[in-house]
There are 2 protein chains.
Amino acid sequence: MGRRSLLLLLLLLAFLTPGAATPVPPALRALSSLHLSTSFRSRPAVAMKYSIHYIQQKVDHFGFHTDKTFKQRYLIADKHWKEDGGSILFYTGNEGDIIWFCNNTGFMWDVAEELKAMLVFAEHRYYGESLPFGANSFKDSRHLNFLTTEQALADFATLIKYLKRTIPGARNQPVIALGGSYGGMLAAWFRMKYPHLVVGALASSAPIWQFENMVPCGVFMKIVTTDFRKSGPNCSESIRRSWDAISRLTEKGTGLHWLSEALHLCTPLTESQDVQRLKDWISETWVNLAMVDYPYESNFLQPLPAWPIKVVCQYLKNPNVSDTWLLQNIFQALNVYYNYSGRARCLNISETATSSLGALGWSYQTCTEMVMPFCSNGIDDMFEPHSWNFKEFSDDCFKQWGVKPRPSWIPTMYGGKNISSHTNIIFSNGEIDPWSGGGVTKDITDTLLAVVIPEGAHHLDLRANNAFDPVTVLLARSLEVRHMKQWIKDFYASLRKMH
Amino acid sequence: MGRRSLLLLLLLLAFLTPGAATPVPPALRALSSLHLSTSFRSRPAVAMKYSIHYIQQKVDHFGFHTDKTFKQRYLIADKHWKEDGGSILFYTGNEGDIIWFCNNTGFMWDVAEELKAMLVFAEHRYYGESLPFGANSFKDSRHLNFLTTEQALADFATLIKYLKRTIPGARNQPVIALGGSYGGMLAAWFRMKYPHLVVGALASSAPIWQFENMVPCGVFMKIVTTDFRKSGPNCSESIRRSWDAISRLTEKGTGLHWLSEALHLCTPLTESQDVQRLKDWISETWVNLAMVDYPYESNFLQPLPAWPIKVVCQYLKNPNVSDTWLLQNIFQALNVYYNYSGRARCLNISETATSSLGALGWSYQTCTEMVMPFCSNGIDDMFEPHSWNFKEFSDDCFKQWGVKPRPSWIPTMYGGKNISSHTNIIFSNGEIDPWSGGGVTKDITDTLLAVVIPEGAHHLDLRANNAFDPVTVLLARSLEVRHMKQWIKDFYASLRKMH
């Protein structure tokens with residue numbers, strides 16, 4: 001697996017977020033009134049009524065040279081909110097359009113009534129509409145300078161203070177941070193750094209330990225491989241053998257052409273460096289599938305069947321076939337991911353499926369603070385061997401963004417593995433989610449809890465209830481709600497004690 | 001009391017730091033070897049052997065546009081340090097030269113042996129030698145942009161990680177943060193934000209609540225007044241009456257001249273605006289005295305007798321005298337502060353006694369993050385009435401530094417009064433210290449403790465042991481040591497549990 005694919009892998013985090021909704025069309029984004037989304041597919045549509053708001057935020061919370069501000073977008077849904085004994089569930093937006101997150105975090109909508117909760121979805125700066133410098137936000141490192149986790153958390157803090165000040169009845173209510181993936185890291189870190197503003201956090205599929213020297217760099221690809229190994233006989237072995245098959249095939253003069261045809265590529269492979277691009281694209285597909293291996297039909301960037309890896313593996317049962325046969329099988333497997341709808345006429349290996357904004361921002365973040373080492377060795381995993389080469393990674397970052405990553409900063413800032421003095425954080429992880437390798441999967445203390453969902457892919461628990469949910473995710477959600485209720489109860493108890 | 005004096009008052013925090021040492025002469029500063037300071041006066045000289053070191057720090061921990069670094073200075077004293085079962089006491093440097101703090105925090109030296117402790121004194125960026133842009137550091141708001149509490153704490157975090165990585169035997173040792181005054185705030189905030197790096201904090205005379213809407217703005221001047229009221233009959237009343245007396249005297253044509261002579265001013269008052277400058281200077285003197293009202297002879301910027309306010313008040317027993325007589329008494333009182341040595345030929349109302357660097361940096365900090373509202377009403381205190389006018393303050397800041405203060409940022413960042421989820425912080429305050437008005441003087445939880453020293457002035461507990469120490473400060477120190485030992489014990493216990 002090539003370096004580029006490792007970089008792209010990081011980008012994937014950008015859109016592998018809970019839910020199964022069609023992204024809200026761009027036309028909707030500019031509106032500022034009430035919206036009704038009924039984009040959920042696999043469960044009875046829940047009316048998701050929210051209002052769109054904006055708050056002026058300092059571009060730089062940590063410096064005073066510039067006094068410039070920008071508009072941060074956030075959504076509010078208060079249908080079930082009660083002033084008396086209610087709560088505020090605060091989604092710590094991650095690297096994408098907040099409306100998409102809002103529409104895809106069904107869990108919050110499902111528990112709103114029980115927790116008498118106002119739902120707030122805060123957009124992360126430099127994503128969606130919350131662009132500090134508008135169209136220039138990604139222009140250069142000077143404009144990108146304010147894209148950090150610390151600034152994002154400071155936005156959230158400022159927003160919560162503002163909401164408490166301006167919404168009658170909100171002042172004396174407990175706030176709980178929730179987020180998935182990178183947003184889950186933010187939720188956890190927000191509770192760690194601003195415990196005066198949130199009584200607890202639900203950090204779903206948050207790989208807070210996928211950083212320097214905390215977990216083996218190969219753990220991610222190993223989990224991806226396990227998912228394929230367990231989803232069908234010889235499945236991971238077929239994939240493992242496919243890389244050399246591709247190499248052998250493309251060594252021949254007509255190989256590129258044959259492969260382009262066999263894989264139904266929209267743009268034929270023409271030069272030898274296209275081979276690595278192809279391998280990267282295929283690797284990313286397997287990684288994607290591992291993250292979204294949900295137990296029911298879902299629709300991320302591509303519509304997918306239930307347990308999609310099982311479907312994929314039906315085409316990869318026999319590794320002991322000729323190279324051409326193997327690659328034709330690989331095509332069938334890829335086709336499950338890229339053409340479940342049956343409408344695709346060809347496969348596009350340039351397809352990244354992130355919104356360009358999200359991809360840019362996240363690429364910058366991985367090149368600065370969010371430095372996550374990945375590697376593969378081809379033995380414990382089914383990918384081509386690739387070691388983690390920080391120097392090379394750093395040089396690439398400098399070329400692309402003019403910045404140098406600081407891999408030890410996140411552990412310095414957020415404590416690394418030494419976080420036991422914090423309280424009231426639930427770390428939930430699905431065992432089949434490759435990100436669980438960098439997550440907290442064992443209780444740290446009796447208030448820093450790990451919830452493990454054996455059949456869970458990437459933040460399955462944050463998705464809406466579904467008839468095909470495995471019982472383990474139902475148990476996880478019920479445990480999460482129980483703890484959130486306890487935090488709320490504790491908050492009100494201490495409030496009463498003060499008065 | 002005038003606005004300027006309120007601004008200057010803030011500056012005073014810069015040098016009202018523990019101890020009684022002569023500042024180390026500048027010549028010493030450039031050296032990087034071992035030093036021996038015997039500058040303590042009022043107790044048997046303790047050999048303070050430390051070595052001077054530098055670490056390269058990022059100018060901007062929170063942004064990646066600039067990769068620039070600067071040299072942060074820190075001192076290490078490891079005479080009593082033991083690798084086996086030892087500890088690291090980390091002084092979170094405040095607004096001044098770190099050598100001066102090192103020489104003046106006798107408490108750390110006094111307890112080093114008992115705690116088998118390495119002493120580390122970290123200089124605060126933009127003070128002493130730790131100037132991010134050298135001589136240009138205070139040039140404009142662009143160069144000053146990186147002077148914030150968050151950057152300073154990030155320096156400390158980076159330094160601790162570096163020390164643990166590079167000093168053999170330091171890795172698995174507990175670190176305790178200590179600081180006084182603004183340094184005390186930093187120690188407390190450091191434990192709040194980086195609990196993975198320090199097991200606890202001793203925050204001495206740290207007015208963490210002297211911010212927006214947390215304590216009455218008049219509490220500071222009220223405590224100053226109480227100190228004078230209790231130190232001699234009619235003392236505060238004499239001072240209260242002196243302001244009008246000055247006004248009346250200077251209304252007359254010859255008043256300025258007469259007053260200049262009576263107060264032995266080095267530079268005669270010539271214009272009417274000098275009257276406010278004079279009043280501000282006198283106010284500051286009383287404030288200074290309240291902070292350094294120590295029970296034994298000491299030597300800050302001026303040598304002082306034991307309980308200096310009592311000495312001052314001997315000259316201010318009779319408020320019912322003529323204006324000229326009253327002002328002659330005021331002169332005698334001022335003379336205690338400015339001429340205890342008997343060597344002063346005249347009094348200089350421009351004298352601020354801070355090093356210019358410290359004063360500049362602190363002035364900027366009060367104009368950005370460290371916005372502390374002060375006021376007086378002339379009824380509950382002995383000063384001329386002056387309300388807190390944020391608009392005026394902000395305009396002045398903009399004129400002086402080109403920045404606008406953000407008074408609500410510190411409470412948003414550090415939790416304001418809502419800090420109960422943190423642990424292992426001791427807040428100590430002297431009751432006669434005016435800064436205790438903004439301090440934590442009641443236990444918040446059983447690990448967020450308040451230690452009150454009835455006879456204590458500004459961080460008396462951080463000063464070296466002295467034969468004239470009141471028993472209350474001895475008790476305070478012994479309590480502090482007991483808790484520090486417990487933190488150290490808990491650290492090693494949990495370390496053993498992990499292995």
# chains A, B, ... in the order shown; residues from 1 in each chain; ligands from 1
>>> interface_residues(of="chain A", to="chain B", cutoff="8 Å", atoms="only C-alpha atoms", output="PyMOL selection string")
chain A and resi 62-65+67+141-142+144-148+150+154+157-158+161+192-197+368+402-404+412-415+418-421
>>> residues_around(residues="Asn377 of chain B", least_positions_apart="5", cutoff="7 Å", atoms="only C-alpha atoms", output="PDB file with N, CA, C and O atoms, in the first residue's frame")
ATOM      1  N   GLU B 384      -9.780  57.576  46.515  1.00  0.00           N
ATOM      2  CA  GLU B 384     -10.754  58.397  45.808  1.00  0.00           C
ATOM      3  C   GLU B 384     -11.662  57.473  44.989  1.00  0.00           C
ATOM      4  O   GLU B 384     -11.202  56.446  44.480  1.00  0.00           O
ATOM      5  N   PRO B 385     -12.931  57.830  44.855  1.00  0.00           N
ATOM      6  CA  PRO B 385     -13.837  56.945  44.115  1.00  0.00           C
ATOM      7  C   PRO B 385     -13.397  56.808  42.660  1.00  0.00           C
ATOM      8  O   PRO B 385     -13.010  57.785  42.014  1.00  0.00           O
ATOM      9  N   HIS B 386     -13.443  55.585  42.193  1.00  0.00           N
ATOM     10  CA  HIS B 386     -13.152  55.348  40.786  1.00  0.00           C
ATOM     11  C   HIS B 386     -13.887  54.097  40.344  1.00  0.00           C
ATOM     12  O   HIS B 386     -13.637  53.018  40.867  1.00  0.00           O
TER      13      HIS B 386
END
>>> select_by_dssp(residues="segment 93-334 of chain B", states="helix (DSSP H, G or I)", output="count of residues only")
124
>>> atom_distance(atom1="atom CA of Arg277 of chain A", atom2="atom CA of Ser298 of chain A")
27.4 Å
>>> select_by_dssp(residues="segment 346-455 of chain B", states="strand (DSSP E or B)", output="ChimeraX atom specification")
/B:347,376,386,425-430,448-453
>>> write_last_selection(atoms="N, CA, C and O atoms", output="PDB file, in the first residue's frame")
ATOM      1  N   LEU B 347      12.268  61.760  46.596  1.00  0.00           N
ATOM      2  CA  LEU B 347      11.343  60.713  46.166  1.00  0.00           C
ATOM      3  C   LEU B 347      10.959  60.943  44.705  1.00  0.00           C
ATOM      4  O   LEU B 347      10.667  62.069  44.299  1.00  0.00           O
ATOM      5  N   SER B 376     -12.863  51.635  43.286  1.00  0.00           N
ATOM      6  CA  SER B 376     -12.865  52.110  44.671  1.00  0.00           C
ATOM      7  C   SER B 376     -14.040  53.069  44.809  1.00  0.00           C
ATOM      8  O   SER B 376     -14.508  53.625  43.813  1.00  0.00           O
ATOM      9  N   HIS B 386     -13.443  55.585  42.193  1.00  0.00           N
ATOM     10  CA  HIS B 386     -13.152  55.348  40.786  1.00  0.00           C
ATOM     11  C   HIS B 386     -13.887  54.097  40.344  1.00  0.00           C
ATOM     12  O   HIS B 386     -13.637  53.018  40.867  1.00  0.00           O
ATOM     13  N   ILE B 425      -5.334  20.749  43.861  1.00  0.00           N
ATOM     14  CA  ILE B 425      -4.800  22.118  43.832  1.00  0.00           C
ATOM     15  C   ILE B 425      -4.982  22.723  45.219  1.00  0.00           C
ATOM     16  O   ILE B 425      -6.048  22.625  45.817  1.00  0.00           O
ATOM     17  N   ILE B 426      -3.883  23.297  45.722  1.00  0.00           N
ATOM     18  CA  ILE B 426      -3.961  24.044  46.966  1.00  0.00           C
ATOM     19  C   ILE B 426      -3.919  25.525  46.624  1.00  0.00           C
ATOM     20  O   ILE B 426      -2.991  25.991  45.955  1.00  0.00           O
ATOM     21  N   PHE B 427      -4.938  26.236  47.040  1.00  0.00           N
ATOM     22  CA  PHE B 427      -4.952  27.687  46.882  1.00  0.00           C
ATOM     23  C   PHE B 427      -4.631  28.290  48.241  1.00  0.00           C
ATOM     24  O   PHE B 427      -5.411  28.161  49.178  1.00  0.00           O
ATOM     25  N   SER B 428      -3.475  28.936  48.357  1.00  0.00           N
ATOM     26  CA  SER B 428      -3.161  29.560  49.634  1.00  0.00           C
ATOM     27  C   SER B 428      -3.260  31.070  49.495  1.00  0.00           C
ATOM     28  O   SER B 428      -2.920  31.637  48.452  1.00  0.00           O
ATOM     29  N   ASN B 429      -3.760  31.691  50.530  1.00  0.00           N
ATOM     30  CA  ASN B 429      -3.908  33.147  50.515  1.00  0.00           C
ATOM     31  C   ASN B 429      -3.621  33.718  51.884  1.00  0.00           C
ATOM     32  O   ASN B 429      -4.014  33.137  52.900  1.00  0.00           O
ATOM     33  N   GLY B 430      -2.946  34.849  51.906  1.00  0.00           N
ATOM     34  CA  GLY B 430      -2.784  35.605  53.133  1.00  0.00           C
ATOM     35  C   GLY B 430      -3.962  36.553  53.270  1.00  0.00           C
ATOM     36  O   GLY B 430      -4.362  37.196  52.292  1.00  0.00           O
ATOM     37  N   LEU B 448      -9.544  20.186  46.253  1.00  0.00           N
ATOM     38  CA  LEU B 448      -9.313  21.586  45.842  1.00  0.00           C
ATOM     39  C   LEU B 448      -9.395  22.398  47.115  1.00  0.00           C
ATOM     40  O   LEU B 448     -10.479  22.793  47.546  1.00  0.00           O
ATOM     41  N   LEU B 449      -8.228  22.643  47.699  1.00  0.00           N
ATOM     42  CA  LEU B 449      -8.198  23.119  49.074  1.00  0.00           C
ATOM     43  C   LEU B 449      -7.802  24.587  49.182  1.00  0.00           C
ATOM     44  O   LEU B 449      -6.961  25.065  48.423  1.00  0.00           O
ATOM     45  N   ALA B 450      -8.407  25.236  50.152  1.00  0.00           N
ATOM     46  CA  ALA B 450      -8.020  26.613  50.445  1.00  0.00           C
ATOM     47  C   ALA B 450      -7.241  26.636  51.747  1.00  0.00           C
ATOM     48  O   ALA B 450      -7.634  26.016  52.728  1.00  0.00           O
ATOM     49  N   VAL B 451      -6.123  27.330  51.724  1.00  0.00           N
ATOM     50  CA  VAL B 451      -5.327  27.527  52.933  1.00  0.00           C
ATOM     51  C   VAL B 451      -5.285  29.027  53.181  1.00  0.00           C
ATOM     52  O   VAL B 451      -4.858  29.783  52.305  1.00  0.00           O
ATOM     53  N   VAL B 452      -5.778  29.449  54.329  1.00  0.00           N
ATOM     54  CA  VAL B 452      -5.799  30.879  54.614  1.00  0.00           C
ATOM     55  C   VAL B 452      -4.831  31.178  55.745  1.00  0.00           C
ATOM     56  O   VAL B 452      -4.803  30.483  56.764  1.00  0.00           O
ATOM     57  N   ILE B 453      -4.010  32.181  55.515  1.00  0.00           N
ATOM     58  CA  ILE B 453      -2.998  32.567  56.498  1.00  0.00           C
ATOM     59  C   ILE B 453      -3.374  33.948  57.034  1.00  0.00           C
ATOM     60  O   ILE B 453      -3.160  34.950  56.357  1.00  0.00           O
TER      61      ILE B 453
END
>>> residues_around(residues="Ser341 of chain A", least_positions_apart="2", cutoff="12 Å", atoms="only C-alpha atoms", output="ChimeraX atom specification")
/A:297-299,301-305,335-339,343-345
>>> closest_residue(among="A:Ala262, A:Arg125, A:Val275, A:Met370", to="Trp325 of chain A", atoms="only C-alpha atoms")
A:Ala262
>>> residues_around(residues="Met221 of chain A", least_positions_apart="4", cutoff="9 Å", atoms="only C-alpha atoms", output="PyMOL selection string")
chain A and resi 217+225-226+287+374-376+380-383+434
>>> residues_around(residues="segment 244-252 of chain B", least_positions_apart="2", cutoff="8 Å", atoms="only C-alpha atoms", output="ChimeraX atom specification")
/B:241-242,254-256,259,272,275,323-324,326-327
>>> write_last_selection(atoms="N, CA, C and O atoms", output="short mmCIF file (atom, residue, chain, number, x, y, z; two decimals), in the first residue's frame")
data_model
loop_
_atom_site.label_atom_id
_atom_site.label_comp_id
_atom_site.auth_asym_id
_atom_site.auth_seq_id
_atom_site.Cartn_x
_atom_site.Cartn_y
_atom_site.Cartn_z
N ARG B 241 -8.43 61.25 53.97
CA ARG B 241 -8.55 62.71 53.94
C ARG B 241 -7.45 63.38 53.12
O ARG B 241 -7.55 64.55 52.76
N SER B 242 -6.40 62.63 52.87
CA SER B 242 -5.24 63.26 52.21
C SER B 242 -5.53 63.66 50.76
O SER B 242 -4.96 64.62 50.25
N THR B 254 0.66 78.48 44.74
CA THR B 254 1.95 77.99 45.22
C THR B 254 1.89 76.55 45.70
O THR B 254 2.89 75.99 46.14
N GLY B 255 0.71 75.94 45.57
CA GLY B 255 0.50 74.59 46.13
C GLY B 255 1.43 73.54 45.55
O GLY B 255 2.00 72.73 46.29
N LEU B 256 1.56 73.57 44.25
CA LEU B 256 2.40 72.55 43.61
C LEU B 256 3.82 72.64 44.13
O LEU B 256 4.45 71.62 44.43
N LEU B 259 4.01 71.48 47.80
CA LEU B 259 3.86 70.03 47.91
C LEU B 259 5.12 69.30 47.44
O LEU B 259 5.56 68.33 48.05
N SER B 272 -1.16 70.97 36.39
CA SER B 272 -2.26 70.42 37.17
C SER B 272 -2.40 68.91 36.99
O SER B 272 -2.82 68.21 37.89
N VAL B 275 -0.95 66.50 39.48
CA VAL B 275 -1.63 66.19 40.75
C VAL B 275 -2.17 64.76 40.72
O VAL B 275 -2.03 64.00 41.68
N ASP B 323 -4.24 70.82 56.31
CA ASP B 323 -3.82 70.13 55.09
C ASP B 323 -2.31 70.01 55.01
O ASP B 323 -1.76 68.98 54.65
N THR B 324 -1.62 71.06 55.32
CA THR B 324 -0.17 71.03 55.20
C THR B 324 0.45 70.04 56.19
O THR B 324 1.35 69.28 55.86
N LEU B 326 -1.08 67.45 57.48
CA LEU B 326 -1.44 66.10 57.02
C LEU B 326 -0.49 65.61 55.93
O LEU B 326 0.01 64.49 55.95
N LEU B 327 -0.18 66.51 54.99
CA LEU B 327 0.71 66.10 53.89
C LEU B 327 2.14 65.90 54.37
O LEU B 327 2.87 65.07 53.81
#
